[in-house]
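Okay, coords12.cif is below, mmCIF, C-alpha atoms and all ligand atoms:
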```
data_entry
loop_
_atom_site.group_PDB
_atom_site.id
_atom_site.type_symbol
_atom_site.label_atom_id
_atom_site.label_comp_id
_atom_site.auth_asym_id
_atom_site.auth_seq_id
_atom_site.Cartn_x
_atom_site.Cartn_y
_atom_site.Cartn_z
ATOM 1 C CA MET A 1 -68.041 -27.331 -21.282
ATOM 2 C CA LYS A 2 -69.798 -30.396 -20.046
ATOM 3 C CA LYS A 3 -73.185 -32.107 -20.103
ATOM 4 C CA LEU A 4 -73.949 -32.457 -16.428
ATOM 5 C CA THR A 5 -76.707 -34.326 -14.597
ATOM 6 C CA PRO A 6 -78.379 -31.836 -12.268
ATOM 7 C CA VAL A 7 -78.381 -32.438 -8.514
ATOM 8 C CA ARG A 8 -81.842 -33.662 -7.455
ATOM 9 C CA VAL A 9 -83.542 -30.784 -5.666
ATOM 10 C CA ARG A 10 -87.247 -30.488 -4.784
ATOM 11 C CA ASP A 11 -87.458 -26.854 -5.808
ATOM 12 C CA LEU A 12 -91.215 -26.525 -5.305
ATOM 13 C CA SER A 13 -91.057 -27.917 -1.802
ATOM 14 C CA HIS A 14 -88.262 -25.422 -0.998
ATOM 15 C CA LEU A 15 -90.476 -22.623 -2.298
ATOM 16 C CA ASP A 16 -93.341 -23.848 -0.072
ATOM 17 C CA LYS A 17 -91.131 -23.747 3.024
ATOM 18 C CA LEU A 18 -89.909 -20.241 2.235
ATOM 19 C CA ALA A 19 -93.431 -19.007 1.492
ATOM 20 C CA GLU A 20 -94.665 -20.190 4.910
ATOM 21 C CA ASN A 21 -91.711 -18.802 6.869
ATOM 22 C CA ASP A 22 -92.925 -15.610 8.584
ATOM 23 C CA LYS A 23 -89.440 -15.014 9.993
ATOM 24 C CA LEU A 24 -88.489 -13.901 6.493
ATOM 25 C CA HIS A 25 -90.597 -10.755 6.756
ATOM 26 C CA LEU A 26 -87.569 -8.577 5.881
ATOM 27 C CA THR A 27 -87.072 -10.438 2.610
ATOM 28 C CA SER A 28 -89.722 -12.613 0.953
ATOM 29 C CA TYR A 29 -92.589 -12.874 3.466
ATOM 30 C CA PRO A 30 -95.529 -12.522 2.782
ATOM 31 C CA GLU A 31 -94.879 -11.614 -0.876
ATOM 32 C CA LEU A 32 -93.752 -15.117 -1.793
ATOM 33 C CA SER A 33 -96.866 -16.756 -0.342
ATOM 34 C CA ARG A 34 -99.028 -14.290 -2.302
ATOM 35 C CA GLN A 35 -97.129 -14.598 -5.595
ATOM 36 C CA LYS A 36 -95.836 -18.157 -5.280
ATOM 37 C CA GLU A 37 -97.888 -19.461 -8.191
ATOM 38 C CA LEU A 38 -96.116 -17.006 -10.538
ATOM 39 C CA VAL A 39 -92.722 -18.274 -9.390
ATOM 40 C CA VAL A 40 -93.861 -21.900 -9.704
ATOM 41 C CA GLN A 41 -95.001 -21.180 -13.280
ATOM 42 C CA ALA A 42 -91.656 -19.480 -13.994
ATOM 43 C CA TYR A 43 -89.810 -22.622 -12.794
ATOM 44 C CA LYS A 44 -92.001 -24.772 -15.057
ATOM 45 C CA ASP A 45 -91.486 -22.379 -17.977
ATOM 46 C CA TYR A 46 -87.708 -22.677 -17.467
ATOM 47 C CA ASP A 47 -87.819 -26.465 -17.414
ATOM 48 C CA ASN A 48 -90.179 -26.753 -20.402
ATOM 49 C CA ASN A 49 -87.959 -24.428 -22.454
ATOM 50 C CA CYS A 50 -84.674 -26.040 -21.351
ATOM 51 C CA GLY A 51 -83.390 -22.796 -19.841
ATOM 52 C CA ASN A 52 -83.371 -21.130 -23.283
ATOM 53 C CA PRO A 53 -83.422 -17.338 -22.643
ATOM 54 C CA TRP A 54 -85.035 -16.701 -26.054
ATOM 55 C CA LEU A 55 -88.091 -18.692 -25.021
ATOM 56 C CA ILE A 56 -88.462 -17.899 -21.330
ATOM 57 C CA THR A 57 -90.522 -14.980 -20.052
ATOM 58 C CA SER A 58 -89.830 -13.311 -16.710
ATOM 59 C CA PRO A 59 -92.913 -13.404 -14.471
ATOM 60 C CA ILE A 60 -94.397 -10.146 -13.245
ATOM 61 C CA ILE A 61 -93.551 -10.291 -9.550
ATOM 62 C CA CYS A 62 -93.175 -7.306 -7.216
ATOM 63 C CA GLU A 63 -89.811 -5.608 -6.580
ATOM 64 C CA LYS A 64 -89.763 -6.676 -2.934
ATOM 65 C CA LEU A 65 -90.089 -10.332 -3.920
ATOM 66 C CA LYS A 66 -87.359 -9.959 -6.552
ATOM 67 C CA ALA A 67 -85.045 -8.481 -3.912
ATOM 68 C CA GLY A 68 -86.125 -11.150 -1.421
ATOM 69 C CA LEU A 69 -85.262 -14.023 -3.765
ATOM 70 C CA LEU A 70 -81.910 -12.419 -4.577
ATOM 71 C CA SER A 71 -81.217 -12.110 -0.874
ATOM 72 C CA HIS A 72 -82.079 -15.806 -0.327
ATOM 73 C CA TYR A 73 -79.291 -16.612 -2.757
ATOM 74 C CA SER A 74 -76.704 -14.449 -0.986
ATOM 75 C CA TYR A 75 -77.861 -15.321 2.554
ATOM 76 C CA PRO A 76 -79.665 -18.665 2.279
ATOM 77 C CA PRO A 77 -82.239 -19.351 4.988
ATOM 78 C CA GLY A 78 -81.739 -22.652 6.892
ATOM 79 C CA SER A 79 -84.170 -24.595 4.691
ATOM 80 C CA ILE A 80 -82.001 -24.063 1.593
ATOM 81 C CA ASP A 81 -79.337 -26.753 1.707
ATOM 82 C CA TYR A 82 -78.496 -27.510 -1.925
ATOM 83 C CA PHE A 83 -76.133 -24.722 -3.034
ATOM 84 C CA GLU A 84 -72.939 -26.502 -1.918
ATOM 85 C CA LYS A 85 -74.110 -29.799 -3.432
ATOM 86 C CA ILE A 86 -74.421 -28.022 -6.777
ATOM 87 C CA THR A 87 -70.950 -26.467 -6.477
ATOM 88 C CA ASN A 88 -69.481 -29.912 -5.749
ATOM 89 C CA SER A 89 -71.330 -31.768 -8.503
ATOM 90 C CA SER A 90 -68.502 -31.483 -11.061
ATOM 91 C CA PRO A 91 -65.252 -31.661 -9.058
ATOM 92 C CA ASP A 92 -62.785 -32.111 -11.939
ATOM 93 C CA VAL A 93 -63.939 -29.753 -14.631
ATOM 94 C CA CYS A 94 -65.903 -26.548 -15.010
ATOM 95 C CA PRO A 95 -69.061 -27.400 -16.994
ATOM 96 C CA MET A 96 -69.224 -23.857 -18.326
ATOM 97 C CA CYS A 97 -65.686 -23.317 -19.702
ATOM 98 C CA GLY A 98 -64.017 -26.764 -19.545
ATOM 99 C CA GLY A 99 -61.235 -25.422 -17.300
ATOM 100 C CA PHE A 100 -60.334 -26.831 -13.932
ATOM 101 C CA LYS A 101 -61.740 -26.939 -10.414
ATOM 102 C CA PRO A 102 -65.028 -25.096 -10.295
ATOM 103 C CA PHE A 103 -65.188 -23.531 -6.829
ATOM 104 C CA THR A 104 -68.324 -21.459 -7.144
ATOM 105 C CA ARG A 105 -71.656 -21.346 -8.973
ATOM 106 C CA ASP A 106 -72.918 -19.490 -11.986
ATOM 107 C CA HIS A 107 -76.487 -18.380 -12.623
ATOM 108 C CA LEU A 108 -77.168 -19.530 -16.179
ATOM 109 C CA LEU A 109 -79.763 -16.757 -16.479
ATOM 110 C CA PRO A 110 -77.909 -13.963 -14.626
ATOM 111 C CA LYS A 111 -79.606 -13.210 -11.317
ATOM 112 C CA ALA A 112 -79.377 -9.442 -11.783
ATOM 113 C CA ASP A 113 -81.825 -9.637 -14.700
ATOM 114 C CA TYR A 114 -83.703 -12.860 -13.951
ATOM 115 C CA GLN A 115 -84.411 -12.609 -10.231
ATOM 116 C CA ALA A 116 -87.299 -15.101 -10.272
ATOM 117 C CA TRP A 117 -84.762 -17.904 -10.822
ATOM 118 C CA SER A 118 -82.182 -16.707 -8.246
ATOM 119 C CA ILE A 119 -82.467 -19.882 -6.148
ATOM 120 C CA PHE A 120 -83.870 -22.283 -8.781
ATOM 121 C CA SER A 121 -81.536 -25.296 -8.752
ATOM 122 C CA LYS A 122 -81.658 -25.789 -12.539
ATOM 123 C CA ASN A 123 -80.425 -22.232 -13.020
ATOM 124 C CA LEU A 124 -77.386 -22.841 -10.807
ATOM 125 C CA VAL A 125 -74.373 -24.599 -12.296
ATOM 126 C CA PRO A 126 -70.910 -25.254 -10.863
ATOM 127 C CA ALA A 127 -68.373 -22.817 -12.323
ATOM 128 C CA CYS A 128 -64.872 -21.455 -11.925
ATOM 129 C CA ASP A 129 -64.010 -17.770 -12.208
ATOM 130 C CA CYS A 130 -65.327 -17.835 -15.797
ATOM 131 C CA ASN A 131 -68.486 -16.906 -13.904
ATOM 132 C CA LEU A 132 -67.097 -13.402 -13.335
ATOM 133 C CA LYS A 133 -65.336 -13.107 -16.689
ATOM 134 C CA ARG A 134 -68.575 -13.964 -18.501
ATOM 135 C CA GLY A 135 -70.321 -10.931 -17.000
ATOM 136 C CA SER A 136 -73.915 -10.808 -18.167
ATOM 137 C CA ALA A 137 -73.350 -12.475 -21.566
ATOM 138 C CA LEU A 138 -76.412 -14.567 -22.320
ATOM 139 C CA LYS A 139 -77.893 -13.961 -25.752
ATOM 140 C CA GLY A 140 -76.246 -13.287 -29.099
ATOM 141 C CA ASP A 141 -77.793 -12.484 -32.464
ATOM 142 C CA GLU A 142 -81.556 -12.501 -32.591
ATOM 143 C CA ALA A 143 -81.448 -13.886 -36.136
ATOM 144 C CA THR A 144 -79.586 -17.018 -35.044
ATOM 145 C CA GLN A 145 -81.015 -17.126 -31.488
ATOM 146 C CA ALA A 146 -77.464 -17.711 -30.258
ATOM 147 C CA ARG A 147 -77.184 -18.182 -26.496
ATOM 148 C CA VAL A 148 -75.022 -19.521 -23.705
ATOM 149 C CA LEU A 149 -75.135 -23.341 -23.637
ATOM 150 C CA HIS A 150 -76.831 -25.080 -20.724
ATOM 151 C CA PRO A 151 -74.952 -27.944 -19.010
ATOM 152 C CA TYR A 152 -78.205 -29.565 -17.799
ATOM 153 C CA TYR A 153 -80.227 -29.428 -21.009
ATOM 154 C CA ASP A 154 -77.918 -29.295 -24.050
ATOM 155 C CA GLN A 155 -77.316 -32.999 -24.734
ATOM 156 C CA PHE A 156 -74.824 -32.213 -27.515
ATOM 157 C CA LEU A 157 -72.355 -30.996 -24.873
ATOM 158 C CA SER A 158 -71.492 -34.713 -24.586
ATOM 159 C CA ASP A 159 -70.021 -34.585 -28.124
ATOM 160 C CA ARG A 160 -66.557 -33.311 -28.965
ATOM 161 C CA LEU A 161 -67.195 -29.720 -29.991
ATOM 162 C CA LEU A 162 -63.813 -27.985 -29.707
ATOM 163 C CA SER A 163 -60.245 -28.529 -30.816
ATOM 164 C CA CYS A 164 -57.320 -26.240 -31.548
ATOM 165 C CA LYS A 165 -55.184 -25.573 -34.575
ATOM 166 C CA ILE A 166 -51.510 -25.077 -33.795
ATOM 167 C CA THR A 167 -49.375 -23.466 -36.494
ATOM 168 C CA PRO A 168 -45.623 -23.329 -35.895
ATOM 169 C CA ARG A 169 -43.590 -20.299 -36.998
ATOM 170 C CA ASN A 170 -39.851 -19.674 -37.337
ATOM 171 C CA ASN A 171 -39.006 -23.354 -37.326
ATOM 172 C CA PHE A 172 -41.123 -24.138 -34.224
ATOM 173 C CA LYS A 173 -39.755 -21.228 -32.244
ATOM 174 C CA PHE A 174 -43.244 -19.721 -31.929
ATOM 175 C CA PHE A 175 -46.781 -21.031 -32.358
ATOM 176 C CA ASP A 176 -49.987 -19.471 -33.582
ATOM 177 C CA LEU A 177 -52.948 -20.973 -31.880
ATOM 178 C CA LYS A 178 -56.621 -20.928 -32.733
ATOM 179 C CA LEU A 179 -59.595 -22.601 -31.128
ATOM 180 C CA ILE A 180 -61.594 -24.444 -33.807
ATOM 181 C CA PHE A 181 -65.026 -26.026 -34.002
ATOM 182 C CA ILE A 182 -65.185 -29.753 -34.781
ATOM 183 C CA SER A 183 -68.522 -29.534 -36.631
ATOM 184 C CA PRO A 184 -68.916 -26.133 -38.332
ATOM 185 C CA GLU A 185 -72.252 -27.341 -39.740
ATOM 186 C CA HIS A 186 -73.650 -28.286 -36.314
ATOM 187 C CA PRO A 187 -77.328 -27.187 -36.031
ATOM 188 C CA GLU A 188 -76.430 -25.282 -32.820
ATOM 189 C CA ILE A 189 -73.178 -23.799 -34.157
ATOM 190 C CA ALA A 190 -74.270 -20.189 -33.491
ATOM 191 C CA SER A 191 -74.747 -20.960 -29.793
ATOM 192 C CA ILE A 192 -71.582 -23.088 -29.629
ATOM 193 C CA LYS A 193 -69.622 -20.123 -31.044
ATOM 194 C CA PHE A 194 -71.343 -17.611 -28.756
ATOM 195 C CA HIS A 195 -70.615 -19.739 -25.689
ATOM 196 C CA THR A 196 -67.002 -20.352 -26.753
ATOM 197 C CA HIS A 197 -66.259 -16.662 -27.308
ATOM 198 C CA ASN A 198 -68.032 -15.379 -24.209
ATOM 199 C CA ILE A 199 -67.121 -18.063 -21.722
ATOM 200 C CA VAL A 200 -64.358 -20.470 -22.862
ATOM 201 C CA ILE A 201 -62.066 -17.860 -24.441
ATOM 202 C CA LYS A 202 -62.740 -15.217 -21.774
ATOM 203 C CA SER A 203 -61.809 -17.844 -19.190
ATOM 204 C CA GLY A 204 -58.258 -17.879 -20.626
ATOM 205 C CA ILE A 205 -58.009 -21.124 -22.593
ATOM 206 C CA GLU A 206 -55.742 -19.634 -25.262
ATOM 207 C CA LYS A 207 -53.197 -18.408 -22.720
ATOM 208 C CA TRP A 208 -53.315 -21.790 -20.983
ATOM 209 C CA LEU A 209 -52.796 -23.678 -24.277
ATOM 210 C CA LYS A 210 -49.827 -21.453 -25.151
ATOM 211 C CA GLY A 211 -48.363 -22.160 -21.707
ATOM 212 C CA GLN A 212 -48.686 -25.896 -22.351
ATOM 213 C CA LEU A 213 -46.840 -25.499 -25.672
ATOM 214 C CA VAL A 214 -43.959 -23.823 -23.829
ATOM 215 C CA LYS A 215 -43.847 -26.781 -21.427
ATOM 216 C CA LEU A 216 -43.939 -29.225 -24.366
ATOM 217 C CA LYS A 217 -40.957 -27.462 -25.913
ATOM 218 C CA ILE A 218 -38.933 -28.100 -22.759
ATOM 219 C CA LYS A 219 -39.976 -31.722 -22.209
ATOM 220 C CA PRO A 220 -42.983 -33.321 -23.976
ATOM 221 C CA SER A 221 -43.345 -36.121 -21.401
ATOM 222 C CA ASN A 222 -44.090 -33.546 -18.691
ATOM 223 C CA VAL A 223 -47.272 -32.638 -20.545
ATOM 224 C CA ILE A 224 -48.101 -35.885 -22.363
ATOM 225 C CA GLN A 225 -47.789 -38.163 -19.388
ATOM 226 C CA THR A 226 -48.412 -41.323 -21.406
ATOM 227 C CA LEU A 227 -45.070 -40.866 -23.239
ATOM 228 C CA PRO A 228 -42.329 -43.201 -21.913
ATOM 229 C CA LYS A 229 -39.939 -41.015 -19.909
ATOM 230 C CA ARG A 230 -36.743 -42.934 -20.720
ATOM 231 C CA LYS A 231 -37.379 -44.416 -24.168
ATOM 232 C CA GLN A 232 -36.956 -43.121 -27.702
ATOM 233 C CA VAL A 233 -40.220 -42.959 -29.616
ATOM 234 C CA THR A 234 -41.514 -43.053 -33.189
ATOM 235 C CA LYS A 235 -44.373 -41.034 -34.666
ATOM 236 C CA VAL A 236 -46.677 -44.046 -34.132
ATOM 237 C CA ASP A 237 -45.728 -44.101 -30.421
ATOM 238 C CA VAL A 238 -46.530 -40.387 -30.081
ATOM 239 C CA ILE A 239 -49.923 -40.850 -31.766
ATOM 240 C CA GLU A 240 -50.697 -43.743 -29.434
ATOM 241 C CA ALA A 241 -49.590 -41.765 -26.352
ATOM 242 C CA LEU A 242 -51.710 -38.770 -27.357
ATOM 243 C CA GLU A 243 -54.741 -40.925 -28.121
ATOM 244 C CA ASP A 244 -54.398 -42.630 -24.711
ATOM 245 C CA CYS A 245 -54.053 -39.254 -23.031
ATOM 246 C CA LEU A 246 -57.105 -37.904 -24.847
ATOM 247 C CA GLU A 247 -59.193 -40.907 -23.838
ATOM 248 C CA ARG A 248 -58.088 -40.604 -20.189
ATOM 249 C CA TYR A 249 -58.939 -36.911 -19.954
ATOM 250 C CA ASP A 250 -62.306 -37.495 -21.660
ATOM 251 C CA GLU A 251 -63.118 -40.267 -19.178
ATOM 252 C CA GLN A 252 -61.707 -38.631 -16.046
ATOM 253 C CA THR A 253 -63.631 -35.408 -16.539
ATOM 254 C CA GLY A 254 -66.738 -36.889 -18.194
ATOM 255 C CA THR A 255 -66.448 -34.474 -21.123
ATOM 256 C CA CYS A 256 -64.521 -34.276 -24.397
ATOM 257 C CA ASN A 257 -64.574 -30.499 -24.058
ATOM 258 C CA ASN A 258 -62.091 -30.143 -21.195
ATOM 259 C CA TRP A 259 -58.961 -28.077 -21.859
ATOM 260 C CA ASN A 260 -56.527 -31.038 -21.721
ATOM 261 C CA SER A 261 -58.516 -32.952 -24.345
ATOM 262 C CA ILE A 262 -58.697 -29.863 -26.546
ATOM 263 C CA LEU A 263 -54.874 -29.687 -26.417
ATOM 264 C CA CYS A 264 -54.375 -33.426 -27.157
ATOM 265 C CA HIS A 265 -56.852 -33.308 -30.038
ATOM 266 C CA GLY A 266 -55.136 -30.234 -31.459
ATOM 267 C CA LEU A 267 -51.682 -31.837 -31.252
ATOM 268 C CA LEU A 268 -52.969 -34.961 -33.023
ATOM 269 C CA ASN A 269 -54.482 -32.951 -35.862
ATOM 270 C CA SER A 270 -52.134 -29.998 -36.408
ATOM 271 C CA GLU A 271 -49.679 -30.404 -39.244
ATOM 272 C CA GLY A 272 -46.062 -30.939 -38.280
ATOM 273 C CA MET A 273 -46.655 -31.184 -34.519
ATOM 274 C CA LEU A 274 -46.272 -34.982 -34.281
ATOM 275 C CA SER A 275 -42.823 -35.044 -35.953
ATOM 276 C CA TRP A 276 -41.763 -32.084 -33.796
ATOM 277 C CA LEU A 277 -42.855 -33.947 -30.639
ATOM 278 C CA VAL A 278 -40.844 -37.049 -31.705
ATOM 279 C CA GLU A 279 -37.760 -34.894 -32.186
ATOM 280 C CA LYS A 280 -38.191 -32.958 -28.906
ATOM 281 C CA HIS A 281 -38.824 -36.110 -26.907
ATOM 282 C CA ASN A 282 -35.923 -38.077 -28.382
ATOM 283 C CA ASN A 283 -33.519 -35.133 -27.913
ATOM 284 C CA ASN A 284 -34.407 -35.194 -24.215
ATOM 285 C CA ILE A 285 -33.541 -38.899 -23.921
ATOM 286 C CA VAL A 286 -30.036 -38.657 -25.407
HETATM 287 ZN ZN ZN A 301 -65.203 -22.101 -15.875
#
```
Please lay out the structure from this file as structure tokens.
Ligand SMILES: [Zn+2]
Amino acid sequence: MKKLTPVRVRDLSHLDKLAENDKLHLTSYPELSRQKELVVQAYKDYDNNCGNPWLITSPIICEKLKAGLLSHYSYPPGSIDYFEKITNSSPDVCPMCGGFKPFTRDHLLPKADYQAWSIFSKNLVPACDCNLKRGSALKGDEATQARVLHPYYDQFLSDRLLSCKITPRNNFKFFDLKLIFISPEHPEIASIKFHTHNIVIKSGIEKWLKGQLVKLKIKPSNVIQTLPKRKQVTKVDVIEALEDCLERYDEQTGTCNNWNSILCHGLLNSEGMLSWLVEKHNNNIV
């Protein structure tokens, strides 16, 4: 999860070019030129309502235009040159799930149901395969108006929203792990929870965190790279190393809600983990 600055795209000028292109007669021509104003209004509606699916209304455009816009996403005409720029606009972290290396794009409002925004740049965000795992999840409870968070509009994505609680069992042989919310009273907590369950957890964060705990058990300095490889440490040293690590991951990725930071924050705040790390690390040195 990440607050991301959108790539600058002149969406209306792209619409104009498509509307005038009579070579697109198998897809959007001449329907787009006839119904362009409806699409322009839909773009404005999206922007004015910050991409919130509870507030946006789909325009009444004809089926051929819907199919045409969808096809322009799958097979972009020459005038559309911004898709790759969007994919590459967050190289280190997936703004949707906080995992690594987004290699594709996600339609915030799924294109199967919201065709009018198939090629709208603000509806396209870089994403990893959480895109597929999310499916069509978009809206939760009507009572709470829960929804998927939007990397371009939800400013609070810049805050630390997630951590994890690690509970050791059988004398640190096994660990129970739970993703937790930093501010349970957050005004947008219903949406933060909805997004976490439908995107972050489905993307596999819990399995990844458990894998990191297995690596920590073998050699903590392989995971916490700020720990001195050949020196004994105290609890204060481990806290310092974890805090440094946390700060680096926050800065490198531009978000506190990347998976590495969630792990570091959880280790710093889960009971018993710091003393266990001191013991594991020092046993490796001897
Ligand atoms: Zn992702």
Sorted by chain and rising residue number, which residues of region 145-176 of chain A lie within 10 Å of region 52-56 of chain A, and what are their closest atom pairs and distances in Å to one decimal, counting all atoms listed in the file, as a Markdown table?
```
| residue | atom | partner | partner_atom | distance |
| --- | --- | --- | --- | --- |
| A:Gln145 | CA | A:Trp54 | CA | 6.8 |
| A:Ala146 | CA | A:Trp54 | CA | 8.7 |
| A:Arg147 | CA | A:Pro53 | CA | 7.4 |
| A:Val148 | CA | A:Asn52 | CA | 8.5 |
| A:Leu149 | CA | A:Asn52 | CA | 8.5 |
| A:His150 | CA | A:Asn52 | CA | 8.1 |
| A:Tyr153 | CA | A:Asn52 | CA | 9.2 |
| A:Asp154 | CA | A:Asn52 | CA | 9.8 |
```
- Picked residues, the PyMOL selection byres (((chain A and resi 66-80) around 12) and not hetatm), expected as a PyMOL selection string: chain A and resi 9-32+35-36+38-39+58-65+81-86+105-107+110-121+123-124
- What would the list of residues within 12 Å of (-34.1, -40.2, -26.1) (file frame) look like as a ChimeraX atom specification, if all atoms listed in the file are what count? /A:219-221,227-234,277-286
Those residues you just picked out, can you put them in a file as an mmCIF file, in the frame of the given file with C-alpha atoms?
```
data_model
loop_
_atom_site.group_PDB
_atom_site.id
_atom_site.type_symbol
_atom_site.label_atom_id
_atom_site.label_comp_id
_atom_site.auth_asym_id
_atom_site.auth_seq_id
_atom_site.Cartn_x
_atom_site.Cartn_y
_atom_site.Cartn_z
ATOM 1 C CA LYS A 219 -39.976 -31.722 -22.209
ATOM 2 C CA PRO A 220 -42.983 -33.321 -23.976
ATOM 3 C CA SER A 221 -43.345 -36.121 -21.401
ATOM 4 C CA LEU A 227 -45.070 -40.866 -23.239
ATOM 5 C CA PRO A 228 -42.329 -43.201 -21.913
ATOM 6 C CA LYS A 229 -39.939 -41.015 -19.909
ATOM 7 C CA ARG A 230 -36.743 -42.934 -20.720
ATOM 8 C CA LYS A 231 -37.379 -44.416 -24.168
ATOM 9 C CA GLN A 232 -36.956 -43.121 -27.702
ATOM 10 C CA VAL A 233 -40.220 -42.959 -29.616
ATOM 11 C CA THR A 234 -41.514 -43.053 -33.189
ATOM 12 C CA LEU A 277 -42.855 -33.947 -30.639
ATOM 13 C CA VAL A 278 -40.844 -37.049 -31.705
ATOM 14 C CA GLU A 279 -37.760 -34.894 -32.186
ATOM 15 C CA LYS A 280 -38.191 -32.958 -28.906
ATOM 16 C CA HIS A 281 -38.824 -36.110 -26.907
ATOM 17 C CA ASN A 282 -35.923 -38.077 -28.382
ATOM 18 C CA ASN A 283 -33.519 -35.133 -27.913
ATOM 19 C CA ASN A 284 -34.407 -35.194 -24.215
ATOM 20 C CA ILE A 285 -33.541 -38.899 -23.921
ATOM 21 C CA VAL A 286 -30.036 -38.657 -25.407
#
```
- Which residue gives the smallest distance to ligand ZN 301 (chain A) among A:Phe100, A:Tyr249, A:Phe175, A:Tyr152, with all atoms listed in the file counted?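 The answer is A:Phe100, which sits nearest to ligand ZN 301 (chain A).
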Find the nearest atom pair between each residue of chain A and ligand ZN 301 (chain A) for residues within 9 Å, count all atoms listed in the file, give distances in Å to one decimal, sort rows by chain and ascending number, and present the table as a tab-separated table.
```
residue	atom	partner	partner_atom	distance
A:Met1	CA	A:ZN301	ZN	8.0
A:Val93	CA	A:ZN301	ZN	7.9
A:Cys94	CA	A:ZN301	ZN	4.6
A:Pro95	CA	A:ZN301	ZN	6.6
A:Met96	CA	A:ZN301	ZN	5.0
A:Cys97	CA	A:ZN301	ZN	4.0
A:Gly98	CA	A:ZN301	ZN	6.1
A:Gly99	CA	A:ZN301	ZN	5.4
A:Phe100	CA	A:ZN301	ZN	7.1
A:Lys101	CA	A:ZN301	ZN	8.1
A:Pro102	CA	A:ZN301	ZN	6.3
A:Pro126	CA	A:ZN301	ZN	8.2
A:Ala127	CA	A:ZN301	ZN	4.8
A:Cys128	CA	A:ZN301	ZN	4.0
A:Asp129	CA	A:ZN301	ZN	5.8
A:Cys130	CA	A:ZN301	ZN	4.3
A:Asn131	CA	A:ZN301	ZN	6.5
A:Ile199	CA	A:ZN301	ZN	7.4
A:Val200	CA	A:ZN301	ZN	7.2
A:Ser203	CA	A:ZN301	ZN	6.4
```
- Message: Rounded to one decimal, what separation in Å do you get between CA of Arg160 (chain A) and CA of Thr255 (chain A)?
- Response: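 If I compute the distance from CA of Arg160 (chain A) to CA of Thr255 (chain A), I get 7.9 Å.
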- Note on the structure: Using only C-alpha atoms, the best pick from A:Val125, A:Leu4, A:Leu161, A:Leu132 as closest to Asn257 (chain A) would be A:Leu161
- Task: Using only C-alpha atoms, pick whichever of A:Trp208, A:Ile166, A:Val214, A:Lys173 has the shortest atom-to-atom distance to Leu274 (chain A).
- Result: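 Nearest candidate to Leu274 (chain A) out of A:Trp208, A:Ile166, A:Val214, A:Lys173: A:Ile166.
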Residue members of the PyMOL selection byres (((chain A and resi 189) around 12) and not hetatm) in the file shown, as a PDB file with C-alpha atoms, in the frame of the given file:
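part34.pdb, freshly written:
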```pdb
ATOM      1  CA  THR A 144     -79.586 -17.018 -35.044  1.00  0.00           C
ATOM      2  CA  GLN A 145     -81.015 -17.126 -31.488  1.00  0.00           C
ATOM      3  CA  ALA A 146     -77.464 -17.711 -30.258  1.00  0.00           C
ATOM      4  CA  ARG A 147     -77.184 -18.182 -26.496  1.00  0.00           C
ATOM      5  CA  VAL A 148     -75.022 -19.521 -23.705  1.00  0.00           C
ATOM      6  CA  LEU A 149     -75.135 -23.341 -23.637  1.00  0.00           C
ATOM      7  CA  PHE A 156     -74.824 -32.213 -27.515  1.00  0.00           C
ATOM      8  CA  LEU A 157     -72.355 -30.996 -24.873  1.00  0.00           C
ATOM      9  CA  LEU A 161     -67.195 -29.720 -29.991  1.00  0.00           C
ATOM     10  CA  LEU A 162     -63.813 -27.985 -29.707  1.00  0.00           C
ATOM     11  CA  ILE A 180     -61.594 -24.444 -33.807  1.00  0.00           C
ATOM     12  CA  PHE A 181     -65.026 -26.026 -34.002  1.00  0.00           C
ATOM     13  CA  ILE A 182     -65.185 -29.753 -34.781  1.00  0.00           C
ATOM     14  CA  SER A 183     -68.522 -29.534 -36.631  1.00  0.00           C
ATOM     15  CA  PRO A 184     -68.916 -26.133 -38.332  1.00  0.00           C
ATOM     16  CA  GLU A 185     -72.252 -27.341 -39.740  1.00  0.00           C
ATOM     17  CA  HIS A 186     -73.650 -28.286 -36.314  1.00  0.00           C
ATOM     18  CA  PRO A 187     -77.328 -27.187 -36.031  1.00  0.00           C
ATOM     19  CA  GLU A 188     -76.430 -25.282 -32.820  1.00  0.00           C
ATOM     20  CA  ALA A 190     -74.270 -20.189 -33.491  1.00  0.00           C
ATOM     21  CA  SER A 191     -74.747 -20.960 -29.793  1.00  0.00           C
ATOM     22  CA  ILE A 192     -71.582 -23.088 -29.629  1.00  0.00           C
ATOM     23  CA  LYS A 193     -69.622 -20.123 -31.044  1.00  0.00           C
ATOM     24  CA  PHE A 194     -71.343 -17.611 -28.756  1.00  0.00           C
ATOM     25  CA  HIS A 195     -70.615 -19.739 -25.689  1.00  0.00           C
ATOM     26  CA  THR A 196     -67.002 -20.352 -26.753  1.00  0.00           C
TER      27      THR A 196
END
```
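Between CA of Cys264 (chain A) and CA of Asp92 (chain A) there is a distance of 17.4 Å.
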- Query: What is the CA of Leu138 (chain A)-CA of Lys210 (chain A) distance in Å, reported with one decimal?
  - Reply: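 Between CA of Leu138 (chain A) and CA of Lys210 (chain A) the gap is 27.6 Å.
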- Nearest to His265 (chain A) among A:Glu247, A:Lys2, A:Ser33, A:Ser89, with distances taken over all atoms listed in the file: which residue is it?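 Nearest to His265 (chain A): A:Glu247.
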- Message: Between A:Lys122, A:Arg248, A:Lys3, A:Lys207, which residue has the minimum interatomic distance to Asn48 (chain A), considering all atoms listed in the file?
- Response: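 Closest residue, counting all atoms listed in the file: A:Lys122.
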- Task: I would like the residues chosen by the PyMOL selection byres (((chain A and resi 272) around 12) and not hetatm) on the shown file; could you give them as number ranges by chain?
- Result: A: 165-169, 171-172, 175, 235, 266-271, 273-279
